[in-house]
$ cat work_29.cif   # mmCIF, C-alpha atoms
data_coords
#
loop_
_atom_site.label_atom_id
_atom_site.label_comp_id
_atom_site.auth_asym_id
_atom_site.auth_seq_id
_atom_site.Cartn_x
_atom_site.Cartn_y
_atom_site.Cartn_z
CA VAL A 1 7.85 20.99 13.05
CA VAL A 2 10.99 22.25 11.29
CA ALA A 3 12.84 19.04 12.15
CA SER A 4 10.04 16.87 10.71
CA VAL A 5 10.07 18.90 7.49
CA GLU A 6 13.85 18.65 7.20
CA ARG A 7 13.81 14.91 7.95
CA PRO A 8 10.37 13.27 7.70
CA THR A 9 9.72 9.97 9.43
CA ALA A 10 11.31 7.18 7.40
CA VAL A 11 9.12 4.56 5.77
CA THR A 12 9.55 1.30 7.67
CA GLY A 13 9.83 -2.22 6.26
CA LEU A 14 12.01 -1.35 3.27
CA ARG A 15 15.49 -2.60 2.47
CA PRO A 16 18.07 -2.05 -0.26
CA THR A 17 17.29 -4.17 -3.32
CA ASP A 18 19.14 -7.48 -3.15
CA SER A 19 16.63 -9.48 -5.23
CA PRO A 20 15.59 -7.29 -8.18
CA ARG A 21 12.05 -7.85 -9.37
CA THR A 22 9.58 -6.29 -11.78
CA TRP A 23 5.81 -6.64 -11.95
CA LEU A 24 2.77 -5.01 -13.50
CA HIS A 25 0.08 -3.43 -11.32
CA ASP A 26 -3.48 -2.96 -12.57
CA PRO A 27 -4.97 -0.01 -10.64
CA SER A 28 -8.53 -0.79 -11.79
CA ILE A 29 -11.33 -0.78 -9.26
CA ILE A 30 -14.85 -2.18 -9.34
CA VAL A 31 -17.36 0.49 -8.33
CA SER A 32 -19.46 -0.74 -5.41
CA GLU A 33 -22.26 1.79 -5.82
CA ASP A 34 -23.37 4.33 -8.40
CA ILE A 35 -21.25 7.48 -8.49
CA THR A 36 -23.21 10.56 -9.43
CA LEU A 37 -22.13 14.09 -10.13
CA PRO A 38 -23.73 17.05 -8.33
CA THR A 39 -25.79 17.58 -11.50
CA GLY A 40 -27.33 14.14 -11.06
CA ASP A 41 -25.52 12.64 -14.04
CA VAL A 42 -24.19 9.14 -13.41
CA LEU A 43 -20.40 8.97 -13.68
CA ALA A 44 -20.19 5.23 -13.02
CA ARG A 45 -22.65 2.49 -12.16
CA ALA A 46 -22.25 -0.15 -9.48
CA GLY A 47 -20.23 -3.03 -10.91
CA ASP A 48 -18.39 -0.91 -13.48
CA ARG A 49 -14.66 -1.50 -13.75
CA ILE A 50 -12.69 1.75 -13.81
CA ASN A 51 -9.01 2.13 -14.56
CA PRO A 52 -7.86 5.60 -13.44
CA LEU A 53 -4.97 5.48 -15.93
CA GLU A 54 -7.50 5.62 -18.77
CA MET A 55 -8.77 8.95 -17.47
CA MET A 56 -5.56 10.41 -16.09
CA PRO A 57 -2.33 8.84 -17.37
CA LEU A 58 0.79 8.78 -15.23
CA THR A 59 3.06 10.94 -17.36
CA LEU A 60 5.93 10.87 -14.87
CA LYS A 61 8.57 8.32 -13.94
CA LEU A 62 8.61 7.87 -10.16
CA ILE A 63 11.93 6.89 -8.59
CA LEU A 64 11.85 5.88 -4.94
CA ILE A 65 15.13 5.86 -3.04
CA ASP A 66 16.67 5.87 0.42
CA GLY A 67 18.08 9.40 0.63
CA ASP A 68 20.55 8.29 3.30
CA ASP A 69 22.25 5.90 0.86
CA PRO A 70 24.72 7.85 -1.34
CA LYS A 71 24.63 5.16 -4.06
CA GLN A 72 20.84 5.41 -4.31
CA VAL A 73 21.01 9.21 -4.50
CA GLU A 74 23.66 8.90 -7.24
CA PHE A 75 21.40 6.40 -9.05
CA ALA A 76 18.39 8.75 -8.91
CA LEU A 77 20.39 11.73 -10.14
CA LYS A 78 21.96 9.78 -13.02
CA GLU A 79 18.66 8.13 -13.92
CA THR A 80 16.97 11.52 -14.20
CA LYS A 81 19.89 13.49 -15.66
CA HIS A 82 18.27 14.02 -19.05
CA GLU A 83 14.62 13.64 -18.04
CA THR A 84 12.28 16.36 -16.91
CA ARG A 85 9.21 14.18 -16.36
CA THR A 86 10.45 12.38 -13.25
CA ARG A 87 9.93 12.59 -9.52
CA ARG A 88 12.68 11.59 -7.11
CA ILE A 89 10.88 10.36 -3.99
CA LEU A 90 12.64 9.57 -0.74
CA VAL A 91 11.55 6.87 1.67
CA SER A 92 14.19 7.98 4.16
CA GLY A 93 16.49 10.94 4.40
CA ALA A 94 16.46 14.71 4.28
CA PRO A 95 14.77 15.99 1.09
CA LEU A 96 15.49 19.69 1.68
CA GLU A 97 19.16 19.01 2.38
CA LEU A 98 19.43 17.02 -0.87
CA MET A 99 17.64 19.79 -2.75
CA ARG A 100 20.09 22.38 -1.44
CA ALA A 101 23.08 20.17 -2.26
CA THR A 102 21.99 19.13 -5.77
CA GLU A 103 19.65 21.94 -6.86
CA LYS A 104 17.17 19.19 -7.84
CA ARG A 105 13.72 18.53 -6.39
CA PHE A 106 13.14 15.64 -4.03
CA TYR A 107 9.80 14.53 -2.64
CA PHE A 108 8.96 12.19 0.24
CA ASP A 109 6.72 9.13 0.46
CA GLN A 110 4.70 10.41 3.41
CA ASP A 111 3.55 7.56 5.67
CA GLY A 112 4.70 5.07 3.01
CA GLN A 113 1.59 5.68 0.92
CA ILE A 114 3.26 4.89 -2.40
CA THR A 115 5.38 1.95 -1.28
CA SER A 116 2.52 0.29 0.61
CA LYS A 117 -0.05 0.86 -2.17
CA PHE A 118 2.18 -0.85 -4.74
CA GLY A 119 3.80 -3.52 -2.54
CA ILE A 120 7.31 -2.11 -2.81
CA THR A 121 9.65 -3.71 -0.27
CA GLN A 122 13.07 -2.83 -1.77
CA VAL A 123 14.56 0.44 -2.97
CA PRO A 124 15.50 1.92 -5.32
CA ALA A 125 12.28 1.32 -7.22
CA ILE A 126 10.91 2.81 -10.42
CA ILE A 127 7.24 3.17 -11.36
CA VAL A 128 6.19 3.96 -14.95
CA GLN A 129 2.96 3.55 -16.88
CA GLU A 130 2.89 0.75 -19.44
CA GLY A 131 -0.38 0.62 -21.32
CA ASN A 132 -3.14 0.70 -18.73
CA ARG A 133 -0.95 -0.77 -16.00
CA LEU A 134 2.02 0.37 -13.95
CA ARG A 135 5.41 -1.32 -14.31
CA ILE A 136 7.12 -1.43 -10.92
CA SER A 137 10.79 -2.39 -10.80
CA GLU A 138 12.97 -2.80 -7.73
CA ILE A 139 16.50 -2.12 -8.98
CA ASP A 140 19.89 -3.49 -7.89
CA VAL A 141 21.65 -0.12 -7.63
CA ARG A 142 25.20 -1.53 -7.89
CA LYS A 143 24.52 -3.35 -11.17
CA HIS A 144 22.57 -0.42 -12.58
CA LEU A 145 25.30 2.13 -11.77
CA ALA A 146 27.93 -0.18 -13.28
CA ALA A 147 25.85 -0.45 -16.48
CA LEU A 148 25.44 3.33 -16.62
CA ALA A 149 29.19 3.80 -16.17
CA ARG A 150 29.90 1.35 -19.02
CA ALA A 151 27.40 3.16 -21.25
CA GLU A 152 29.04 6.52 -20.47
CA ARG A 153 32.41 5.05 -21.52
CA GLY A 154 30.80 3.75 -24.72
CA ARG A 155 31.02 0.07 -23.78
CA PRO A 156 28.10 -2.42 -23.66
#
$ encode --input "work_29.cif" --output "structure tokens"
Amino acid sequence: VVASVERPTAVTGLRPTDSPRTWLHDPSIIVSEDITLPTGDVLARAGDRINPLEMMPLTLKLILIDGDDPKQVEFALKETKHETRTRRILVSGAPLELMRATEKRFYFDQDGQITSKFGITQVPAIIVQEGNRLRISEIDVRKHLAALARAERGRP
């Protein structure tokens, strides 16, 4: 049990981003049958379209990385350096070890629930809310780190 907490089972089917891509995901669902509250009030009727982001916005930036890749860890730490509303989520690696080493929180995509739900096949990836949709971007870590380094030196 301790070993699985220290190093959860890696999400399979992912690779480092070599072909960056970005897309929008609409999380809306069509209700198949009436949804009623315990009081009997109808929350939604069959056929209604519901977008969960309208009721509960995603106020965080999610960054998914391979925790065994030092460049991706560096990317996640630099990307979140000045942000408090982010979640660094591993798809592979040892989250507790990274937390001890960096004094930053790391989470884990258990059973690949996030990556599979949103069709992510390359990491690092970033998920943010844009309007009533989610913008999902698979990032080329080398180019992104180079751009960050140039920005830190004050060059475009």
$ closest_residue --input "work_29.cif" --among "A:Gln113, A:Ser92, A:Gln129, A:Thr102" --to "A:Arg7" --atoms "only C-alpha atoms"
A:Ser92
$ residues_around --input "work_29.cif" --residues "A:Met99" --least-positions-apart "6" --cutoff "12 Å" --atoms "all atoms listed in the file" --output "mmCIF file with C-alpha atoms, keeping the file's coordinate frame"
data_model
loop_
_atom_site.group_PDB
_atom_site.id
_atom_site.type_symbol
_atom_site.label_atom_id
_atom_site.label_comp_id
_atom_site.auth_asym_id
_atom_site.auth_seq_id
_atom_site.Cartn_x
_atom_site.Cartn_y
_atom_site.Cartn_z
ATOM 1 C CA GLU A 6 13.850 18.650 7.200
ATOM 2 C CA GLY A 67 18.080 9.400 0.630
ATOM 3 C CA VAL A 73 21.010 9.210 -4.500
ATOM 4 C CA LEU A 77 20.390 11.730 -10.140
ATOM 5 C CA ARG A 88 12.680 11.590 -7.110
ATOM 6 C CA ILE A 89 10.880 10.360 -3.990
ATOM 7 C CA LEU A 90 12.640 9.570 -0.740
ATOM 8 C CA GLY A 93 16.490 10.940 4.400
ATOM 9 C CA ARG A 105 13.720 18.530 -6.390
ATOM 10 C CA PHE A 106 13.140 15.640 -4.030
ATOM 11 C CA TYR A 107 9.800 14.530 -2.640
ATOM 12 C CA PHE A 108 8.960 12.190 0.240
#
$ resolve_selection --input "work_29.cif" --expression "the PyMOL selection byres ((chain A and resi 121) around 8)" --output "number ranges by chain"
A: 13-15, 115, 119-120, 122-123
$ atom_distance --input "work_29.cif" --atom1 "atom CA of A:Glu83" --atom2 "atom CA of A:Ile127"
14.4 Å
$ resolve_selection --input "work_29.cif" --expression "the PyMOL selection byres ((chain A and resi 131) around 12)" --output "NGL selection string"
:A and (24-27 or 51-54 or 57-59 or 128-130 or 132-135)
$ residues_around --input "work_29.cif" --residues "stretch 140-149 of chain A" --least-positions-apart "2" --cutoff "6 Å" --atoms "only C-alpha atoms" --output "PyMOL selection string"
chain A and resi 17+20+151-152
$ atom_distance --input "work_29.cif" --atom1 "atom CA of A:Glu79" --atom2 "atom CA of A:Ile65"
11.7 Å
$ closest_residue --input "work_29.cif" --among "A:Thr80, A:Ser28, A:Gln110, A:Thr36" --to "A:Asp48" --atoms "all atoms listed in the file"
A:Ser28
$ residues_near_point --input "work_29.cif" --point "(10.2, 8.2, -11.2)" --cutoff "6 Å" --atoms "only C-alpha atoms" --output "PyMOL selection string"
chain A and resi 61-63+86-88+126-127
$ atom_distance --input "work_29.cif" --atom1 "atom CA of A:Ile139" --atom2 "atom CA of A:Met55"
28.9 Å
$ resolve_selection --input "work_29.cif" --expression "the PyMOL selection byres ((chain A and resi 33) around 8)" --output "compact mmCIF listing (two decimals) with C-alpha atoms, in the coordinates of the input"
# COMPACT_ATOMS: atom_id res chain seq x y z
CA VAL A 31 -17.36 0.49 -8.33
CA SER A 32 -19.46 -0.74 -5.41
CA ASP A 34 -23.37 4.33 -8.40
CA ILE A 35 -21.25 7.48 -8.49
CA ARG A 45 -22.65 2.49 -12.16
CA ALA A 46 -22.25 -0.15 -9.48
CA GLY A 47 -20.23 -3.03 -10.91
$ closest_residue --input "work_29.cif" --among "A:Val11, A:Ala76, A:Ala44, A:Ala94" --to "A:Ile30" --atoms "all atoms listed in the file"
A:Ala44
$ axis_aligned_box --input "work_29.cif" --around "stretch 84-88 of chain A" --padding-each-side "8 Å" --output "AutoDock Vina command-line options"
--center_x 10.9 --center_y 14.0 --center_z -12.0 --size_x 19.5 --size_y 20.8 --size_z 25.8
$ closest_residue --input "work_29.cif" --among "A:Arg153, A:Pro95, A:Trp23, A:Ser137" --to "A:Pro124" --atoms "all atoms listed in the file"
A:Ser137
